[in-house]
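Peer 1: Enclosed is the structure file query-v4.pdb (PDB, C-alpha atoms (C1' of nucleotides)).
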```
ATOM      1  CA  MET Q  10     -15.175  -7.312  20.717  1.00  0.00           C
ATOM      2  CA  ASN Q  11     -12.767  -4.426  20.878  1.00  0.00           C
ATOM      3  CA  TYR Q  12      -9.199  -4.123  22.068  1.00  0.00           C
ATOM      4  CA  TRP Q  13      -7.607  -1.453  24.222  1.00  0.00           C
ATOM      5  CA  LEU Q  14      -4.425  -0.429  25.999  1.00  0.00           C
ATOM      6  CA  MET Q  15      -4.458   1.017  29.511  1.00  0.00           C
ATOM      7  CA  LYS Q  16      -1.484   2.676  31.185  1.00  0.00           C
ATOM      8  CA  SER Q  17      -0.595   2.554  34.836  1.00  0.00           C
ATOM      9  CA  GLU Q  18       2.479   3.425  36.813  1.00  0.00           C
ATOM     10  CA  PRO Q  19       3.495   0.096  38.357  1.00  0.00           C
ATOM     11  CA  ALA Q  20       4.724   1.864  41.499  1.00  0.00           C
ATOM     12  CA  ALA Q  21       1.102   2.896  42.053  1.00  0.00           C
ATOM     13  CA  PHE Q  22      -0.725  -0.084  40.561  1.00  0.00           C
ATOM     14  CA  SER Q  23       0.788  -2.953  38.561  1.00  0.00           C
ATOM     15  CA  ILE Q  24      -0.516  -6.041  36.818  1.00  0.00           C
ATOM     16  CA  ALA Q  25       0.834  -8.050  39.775  1.00  0.00           C
ATOM     17  CA  ASP Q  26      -1.212  -5.877  42.143  1.00  0.00           C
ATOM     18  CA  LEU Q  27      -4.333  -6.583  40.106  1.00  0.00           C
ATOM     19  CA  GLN Q  28      -3.739 -10.316  40.423  1.00  0.00           C
ATOM     20  CA  THR Q  29      -3.822 -10.065  44.214  1.00  0.00           C
ATOM     21  CA  ARG Q  30      -7.139  -8.169  44.360  1.00  0.00           C
ATOM     22  CA  PRO Q  31     -10.358  -9.931  45.400  1.00  0.00           C
ATOM     23  CA  LYS Q  32     -11.748 -11.689  42.324  1.00  0.00           C
ATOM     24  CA  LYS Q  33      -8.614 -10.346  40.592  1.00  0.00           C
ATOM     25  CA  THR Q  34     -10.743  -7.307  39.783  1.00  0.00           C
ATOM     26  CA  GLU Q  35     -10.233  -3.596  40.410  1.00  0.00           C
ATOM     27  CA  HIS Q  36     -11.765  -0.258  39.448  1.00  0.00           C
ATOM     28  CA  TRP Q  37      -9.815   1.682  36.848  1.00  0.00           C
ATOM     29  CA  ASP Q  38     -10.328   5.045  38.561  1.00  0.00           C
ATOM     30  CA  GLY Q  39      -8.514   8.347  38.387  1.00  0.00           C
ATOM     31  CA  VAL Q  40      -8.802   8.990  34.649  1.00  0.00           C
ATOM     32  CA  ARG Q  41      -9.154  12.775  34.245  1.00  0.00           C
ATOM     33  CA  ASN Q  42      -8.788  13.221  30.532  1.00  0.00           C
ATOM     34  CA  TYR Q  43     -11.843  13.544  28.309  1.00  0.00           C
ATOM     35  CA  GLN Q  44     -10.507  11.531  25.415  1.00  0.00           C
ATOM     36  CA  ALA Q  45      -9.416   8.691  27.679  1.00  0.00           C
ATOM     37  CA  ARG Q  46     -12.764   8.832  29.474  1.00  0.00           C
ATOM     38  CA  ASN Q  47     -14.624   8.613  26.180  1.00  0.00           C
ATOM     39  CA  PHE Q  48     -12.644   5.542  25.191  1.00  0.00           C
ATOM     40  CA  MET Q  49     -13.586   3.959  28.517  1.00  0.00           C
ATOM     41  CA  ARG Q  50     -17.228   4.766  27.810  1.00  0.00           C
ATOM     42  CA  ALA Q  51     -16.915   2.877  24.525  1.00  0.00           C
ATOM     43  CA  MET Q  52     -15.659  -0.264  26.268  1.00  0.00           C
ATOM     44  CA  LYS Q  53     -17.920  -3.307  26.388  1.00  0.00           C
ATOM     45  CA  LYS Q  54     -17.924  -6.073  28.931  1.00  0.00           C
ATOM     46  CA  GLY Q  55     -15.680  -8.810  27.594  1.00  0.00           C
ATOM     47  CA  ASP Q  56     -13.354  -6.454  25.704  1.00  0.00           C
ATOM     48  CA  LEU Q  57      -9.678  -7.126  26.261  1.00  0.00           C
ATOM     49  CA  ALA Q  58      -6.977  -4.607  27.124  1.00  0.00           C
ATOM     50  CA  PHE Q  59      -3.222  -4.650  27.390  1.00  0.00           C
ATOM     51  CA  PHE Q  60      -1.917  -3.546  30.784  1.00  0.00           C
ATOM     52  CA  TYR Q  61       0.897  -1.085  30.096  1.00  0.00           C
ATOM     53  CA  HIS Q  62       3.460  -0.027  32.680  1.00  0.00           C
ATOM     54  CA  SER Q  63       4.562   3.605  32.304  1.00  0.00           C
ATOM     55  CA  SER Q  64       7.089   5.800  34.107  1.00  0.00           C
ATOM     56  CA  CYS Q  65       9.256   2.863  35.105  1.00  0.00           C
ATOM     57  CA  ASP Q  66      12.576   1.246  34.207  1.00  0.00           C
ATOM     58  CA  VAL Q  67      11.228  -0.664  31.201  1.00  0.00           C
ATOM     59  CA  PRO Q  68       7.984   0.827  29.896  1.00  0.00           C
ATOM     60  CA  GLY Q  69       5.861  -1.654  27.989  1.00  0.00           C
ATOM     61  CA  ILE Q  70       3.004  -4.138  27.962  1.00  0.00           C
ATOM     62  CA  TYR Q  71       3.113  -6.565  30.869  1.00  0.00           C
ATOM     63  CA  GLY Q  72      -0.281  -8.254  30.897  1.00  0.00           C
ATOM     64  CA  ILE Q  73      -3.819  -8.662  29.643  1.00  0.00           C
ATOM     65  CA  VAL Q  74      -7.040  -7.713  31.425  1.00  0.00           C
ATOM     66  CA  GLU Q  75     -10.696  -8.119  30.611  1.00  0.00           C
ATOM     67  CA  ILE Q  76     -13.279  -5.360  30.919  1.00  0.00           C
ATOM     68  CA  ASN Q  77     -15.511  -6.722  33.658  1.00  0.00           C
ATOM     69  CA  ARG Q  78     -17.918  -3.817  34.098  1.00  0.00           C
ATOM     70  CA  GLU Q  79     -18.744  -1.033  31.680  1.00  0.00           C
ATOM     71  CA  ALA Q  80     -18.276   2.662  32.474  1.00  0.00           C
ATOM     72  CA  TYR Q  81     -19.928   4.070  35.598  1.00  0.00           C
ATOM     73  CA  PRO Q  82     -19.242   7.142  37.763  1.00  0.00           C
ATOM     74  CA  ASP Q  83     -15.832   7.388  39.396  1.00  0.00           C
ATOM     75  CA  PRO Q  84     -16.488   8.357  43.047  1.00  0.00           C
ATOM     76  CA  THR Q  85     -12.876   9.373  43.666  1.00  0.00           C
ATOM     77  CA  ALA Q  86     -13.627  12.529  41.627  1.00  0.00           C
ATOM     78  CA  TRP Q  87     -15.912  13.924  44.334  1.00  0.00           C
ATOM     79  CA  ASP Q  88     -13.753  12.920  47.304  1.00  0.00           C
ATOM     80  CA  PRO Q  89     -11.835  16.023  48.450  1.00  0.00           C
ATOM     81  CA  GLU Q  90      -9.273  13.776  50.111  1.00  0.00           C
ATOM     82  CA  ASN Q  91      -8.496  12.000  46.862  1.00  0.00           C
ATOM     83  CA  HIS Q  92      -5.498  12.958  44.810  1.00  0.00           C
ATOM     84  CA  HIS Q  93      -7.683  13.048  41.697  1.00  0.00           C
ATOM     85  CA  TYR Q  94     -10.433  15.155  43.295  1.00  0.00           C
ATOM     86  CA  ASP Q  95     -12.284  17.324  40.785  1.00  0.00           C
ATOM     87  CA  PRO Q  96     -14.904  19.727  42.220  1.00  0.00           C
ATOM     88  CA  LYS Q  97     -16.574  19.943  38.798  1.00  0.00           C
ATOM     89  CA  SER Q  98     -17.805  16.385  39.348  1.00  0.00           C
ATOM     90  CA  THR Q  99     -20.559  15.695  41.876  1.00  0.00           C
ATOM     91  CA  PRO Q 100     -22.655  12.635  42.760  1.00  0.00           C
ATOM     92  CA  GLU Q 101     -25.606  14.445  41.153  1.00  0.00           C
ATOM     93  CA  ARG Q 102     -23.677  15.216  37.997  1.00  0.00           C
ATOM     94  CA  PRO Q 103     -20.736  12.844  37.666  1.00  0.00           C
ATOM     95  CA  LEU Q 104     -18.133  14.018  35.193  1.00  0.00           C
ATOM     96  CA  TRP Q 105     -15.640  11.168  35.296  1.00  0.00           C
ATOM     97  CA  ASP Q 106     -16.162   7.465  34.762  1.00  0.00           C
ATOM     98  CA  MET Q 107     -14.292   4.278  35.508  1.00  0.00           C
ATOM     99  CA  VAL Q 108     -14.544   0.665  34.392  1.00  0.00           C
ATOM    100  CA  ASP Q 109     -13.730  -2.546  36.247  1.00  0.00           C
ATOM    101  CA  VAL Q 110     -10.916  -4.688  34.890  1.00  0.00           C
ATOM    102  CA  ARG Q 111     -10.233  -8.310  35.684  1.00  0.00           C
ATOM    103  CA  PHE Q 112      -6.798  -9.903  35.589  1.00  0.00           C
ATOM    104  CA  GLN Q 113      -6.450 -12.319  32.729  1.00  0.00           C
ATOM    105  CA  ARG Q 114      -2.755 -13.120  32.541  1.00  0.00           C
ATOM    106  CA  GLU Q 115       0.736 -11.699  32.562  1.00  0.00           C
ATOM    107  CA  LEU Q 116       2.694 -11.827  29.338  1.00  0.00           C
ATOM    108  CA  LYS Q 117       5.417 -14.476  29.217  1.00  0.00           C
ATOM    109  CA  ARG Q 118       7.778 -11.571  28.850  1.00  0.00           C
ATOM    110  CA  PRO Q 119       7.021  -7.876  28.431  1.00  0.00           C
ATOM    111  CA  VAL Q 120       6.537  -6.333  25.007  1.00  0.00           C
ATOM    112  CA  THR Q 121       8.587  -3.224  25.627  1.00  0.00           C
ATOM    113  CA  LEU Q 122       8.015   0.243  24.260  1.00  0.00           C
ATOM    114  CA  ALA Q 123      11.349  -0.083  22.451  1.00  0.00           C
ATOM    115  CA  MET Q 124      10.077  -3.231  20.680  1.00  0.00           C
ATOM    116  CA  ILE Q 125       6.813  -1.505  19.793  1.00  0.00           C
ATOM    117  CA  LYS Q 126       8.643   1.499  18.354  1.00  0.00           C
ATOM    118  CA  ALA Q 127      10.855  -0.796  16.312  1.00  0.00           C
ATOM    119  CA  ASN Q 128       7.917  -2.555  14.626  1.00  0.00           C
ATOM    120  CA  ALA Q 129       6.720  -0.821  11.451  1.00  0.00           C
ATOM    121  CA  ALA Q 130       3.324  -2.549  11.719  1.00  0.00           C
ATOM    122  CA  LEU Q 131       2.678  -0.588  14.921  1.00  0.00           C
ATOM    123  CA  LYS Q 132       3.735   2.863  13.812  1.00  0.00           C
ATOM    124  CA  HIS Q 133       0.145   4.133  13.770  1.00  0.00           C
ATOM    125  CA  MET Q 134      -0.514   3.307  17.407  1.00  0.00           C
ATOM    126  CA  PRO Q 135      -1.225   6.484  19.412  1.00  0.00           C
ATOM    127  CA  LEU Q 136       1.195   5.069  21.954  1.00  0.00           C
ATOM    128  CA  VAL Q 137       4.162   5.841  19.728  1.00  0.00           C
ATOM    129  CA  GLN Q 138       2.862   9.088  18.233  1.00  0.00           C
ATOM    130  CA  ARG Q 139       4.883  12.116  19.155  1.00  0.00           C
ATOM    131  CA  GLY Q 140       3.658  13.749  22.327  1.00  0.00           C
ATOM    132  CA  SER Q 141       0.745  11.366  22.816  1.00  0.00           C
ATOM    133  CA  ARG Q 142      -0.110  11.041  26.493  1.00  0.00           C
ATOM    134  CA  LEU Q 143      -3.399   9.177  26.325  1.00  0.00           C
ATOM    135  CA  SER Q 144      -3.663   6.742  29.225  1.00  0.00           C
ATOM    136  CA  VAL Q 145      -6.483   4.744  27.621  1.00  0.00           C
ATOM    137  CA  LEU Q 146      -6.358   4.079  23.919  1.00  0.00           C
ATOM    138  CA  PRO Q 147      -7.850   1.749  21.309  1.00  0.00           C
ATOM    139  CA  VAL Q 148      -5.856  -1.047  19.682  1.00  0.00           C
ATOM    140  CA  THR Q 149      -6.882  -2.517  16.330  1.00  0.00           C
ATOM    141  CA  ALA Q 150      -7.319  -6.284  15.958  1.00  0.00           C
ATOM    142  CA  SER Q 151      -4.324  -6.297  13.653  1.00  0.00           C
ATOM    143  CA  GLU Q 152      -2.161  -4.472  16.194  1.00  0.00           C
ATOM    144  CA  TRP Q 153      -3.412  -6.728  18.968  1.00  0.00           C
ATOM    145  CA  ASN Q 154      -2.347  -9.850  17.059  1.00  0.00           C
ATOM    146  CA  THR Q 155       1.008  -8.342  16.145  1.00  0.00           C
ATOM    147  CA  LEU Q 156       1.695  -7.470  19.776  1.00  0.00           C
ATOM    148  CA  LEU Q 157       0.674 -10.933  20.954  1.00  0.00           C
ATOM    149  CA  LYS Q 158       3.124 -12.527  18.536  1.00  0.00           C
ATOM    150  CA  MET Q 159       5.904 -10.295  19.861  1.00  0.00           C
ATOM    151  CA  GLU Q 160       5.446 -11.873  23.261  1.00  0.00           C
ATOM    152  CA  ASN Q 161       7.112 -15.000  21.877  1.00  0.00           C
ATOM    153  CA  THR Q 162      10.087 -13.428  20.159  1.00  0.00           C
TER     154      THR Q 162
ATOM    155  C1'  DG N  29     -12.072  33.775  21.135  1.00  0.00           C
ATOM    156  C1'  DC N  30      -7.175  34.462  21.925  1.00  0.00           C
ATOM    157  C1'  DC N  31      -3.199  33.210  24.241  1.00  0.00           C
ATOM    158  C1'  DA N  32       0.093  33.142  28.123  1.00  0.00           C
ATOM    159  C1'  DA N  33       0.835  30.660  32.220  1.00  0.00           C
ATOM    160  C1'  DC N  34       0.671  26.657  34.507  1.00  0.00           C
ATOM    161  C1'  DG N  35       0.301  21.671  35.641  1.00  0.00           C
ATOM    162  C1'  DT N  36       0.809  16.999  34.026  1.00  0.00           C
ATOM    163  C1'  DT N  37       2.572  13.157  31.456  1.00  0.00           C
ATOM    164  C1'  DG N  38       6.078  10.143  30.538  1.00  0.00           C
ATOM    165  C1'  DG N  39      10.343   8.879  28.051  1.00  0.00           C
ATOM    166  C1'  DC N  40      15.033   9.390  28.574  1.00  0.00           C
TER     167       DC N  40
ATOM    168  C1'  DG B  16      16.165  15.494  37.109  1.00  0.00           C
ATOM    169  C1'  DC B  17      15.270  17.260  32.539  1.00  0.00           C
ATOM    170  C1'  DC B  18      12.344  18.660  29.133  1.00  0.00           C
ATOM    171  C1'  DA B  19       9.084  18.346  25.160  1.00  0.00           C
ATOM    172  C1'  DA B  20       4.388  18.108  24.304  1.00  0.00           C
ATOM    173  C1'  DC B  21      -0.052  18.616  25.490  1.00  0.00           C
ATOM    174  C1'  DG B  22      -4.463  19.994  28.076  1.00  0.00           C
ATOM    175  C1'  DT B  23      -6.569  23.284  31.030  1.00  0.00           C
ATOM    176  C1'  DT B  24      -7.318  27.652  33.101  1.00  0.00           C
ATOM    177  C1'  DG B  25      -8.376  32.339  33.322  1.00  0.00           C
ATOM    178  C1'  DG B  26      -7.556  37.264  32.160  1.00  0.00           C
ATOM    179  C1'  DC B  27      -8.567  40.285  28.610  1.00  0.00           C
TER     180       DC B  27
END
```
Mind turning this structure into structure tokens?

Peer 2:
Amino acid sequence: MNYWLMKSEPAAFSIADLQTRPKKTEHWDGVRNYQARNFMRAMKKGDLAFFYHSSCDVPGIYGIVEINREAYPDPTAWDPENHHYDPKSTPERPLWDMVDVRFQRELKRPVTLAMIKANAALKHMPLVQRGSRLSVLPVTASEWNTLLKMENT
DNA sequence: GCCAACGTTGGC
DNA sequence: GCCAACGTTGGC
């Protein structure tokens, strides 16, 4: 079992939105970065991920989701109407993948980016590295447990 | 293969 | 809205 962190702008798609979806499940589409895509390809069904809200008043971790389906082609990449359209990807040769995530729970209170930055045990997370913009990133078991404890403080 | 220009991300 | 950092593109 591996752990991950996935970013979303809550104005576009939040943890609360996920909870309202049928079966509380949604495709994680729109990823157009190779490194993030490769992390999604490494995800296994049953892996857990933190749901991170970015570009908002209080950036941070707001919930937990479960990987419900492993990586498969992202059809929004070959839809010219889609904001994330990429003509390099075709149904014959898909370039971009997505996974399905299922709502697990919201955190009792958010673990904010400020809290994460203030914790020395988390200083190696790509999230807090200078200039890191990865929208999907791995979390070690140790970091996962540290972050879970911070939910209660 | 280099590198300038450009677009995007995302915190502040 | 600003801007730093990064990835991508495309001319040469």

Peer 1: On this structure, the PyMOL selection byres ((chain N) within 12 of (chain Q)) would catch which residues? List them as an NGL selection string, sorted by chain and number.

Peer 2: :N and (36-40)

Peer 1: Quick one: distance from atom CA of Q:Met10 to atom CA of Q:Leu57 in Å, one decimal?

Peer 2: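 Taking atom CA of Q:Met10 as the start and atom CA of Q:Leu57 as the end point, the length is 7.8 Å.
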
Peer 1: Can you list, as number ranges by chain, the residues that the PyMOL selection byres ((chain Q and resi 148) around 8) selects here?

Peer 2: Q: 11-14, 134, 146-147, 149-150, 152-153

Peer 1: Which is closest to Q:Ala45 among Q:Ser151, Q:Val108, Q:Gln113, Q:Thr162, if we use all atoms listed in the file?

Peer 2: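 With all atoms listed in the file as the atom set, the closest residue is Q:Val108.
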
Peer 1: Name the residues captured by the PyMOL selection byres ((chain Q and resi 27) around 12) when it is applied to the shown file; answer as a PyMOL selection string.

Peer 2: chain Q and resi 17+19+21-26+28-37+60+71-75+109-115

Peer 1: Between atom C1' of B:DG22 and atom C1' of N:DG35, what is the spacing in Å?

Peer 2: 9.1 Å

Peer 1: Separation of atom CA of Q:Arg118 and atom CA of Q:Phe59, in Å?

Peer 2: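 Going from atom CA of Q:Arg118 over to atom CA of Q:Phe59, I get 13.1 Å.
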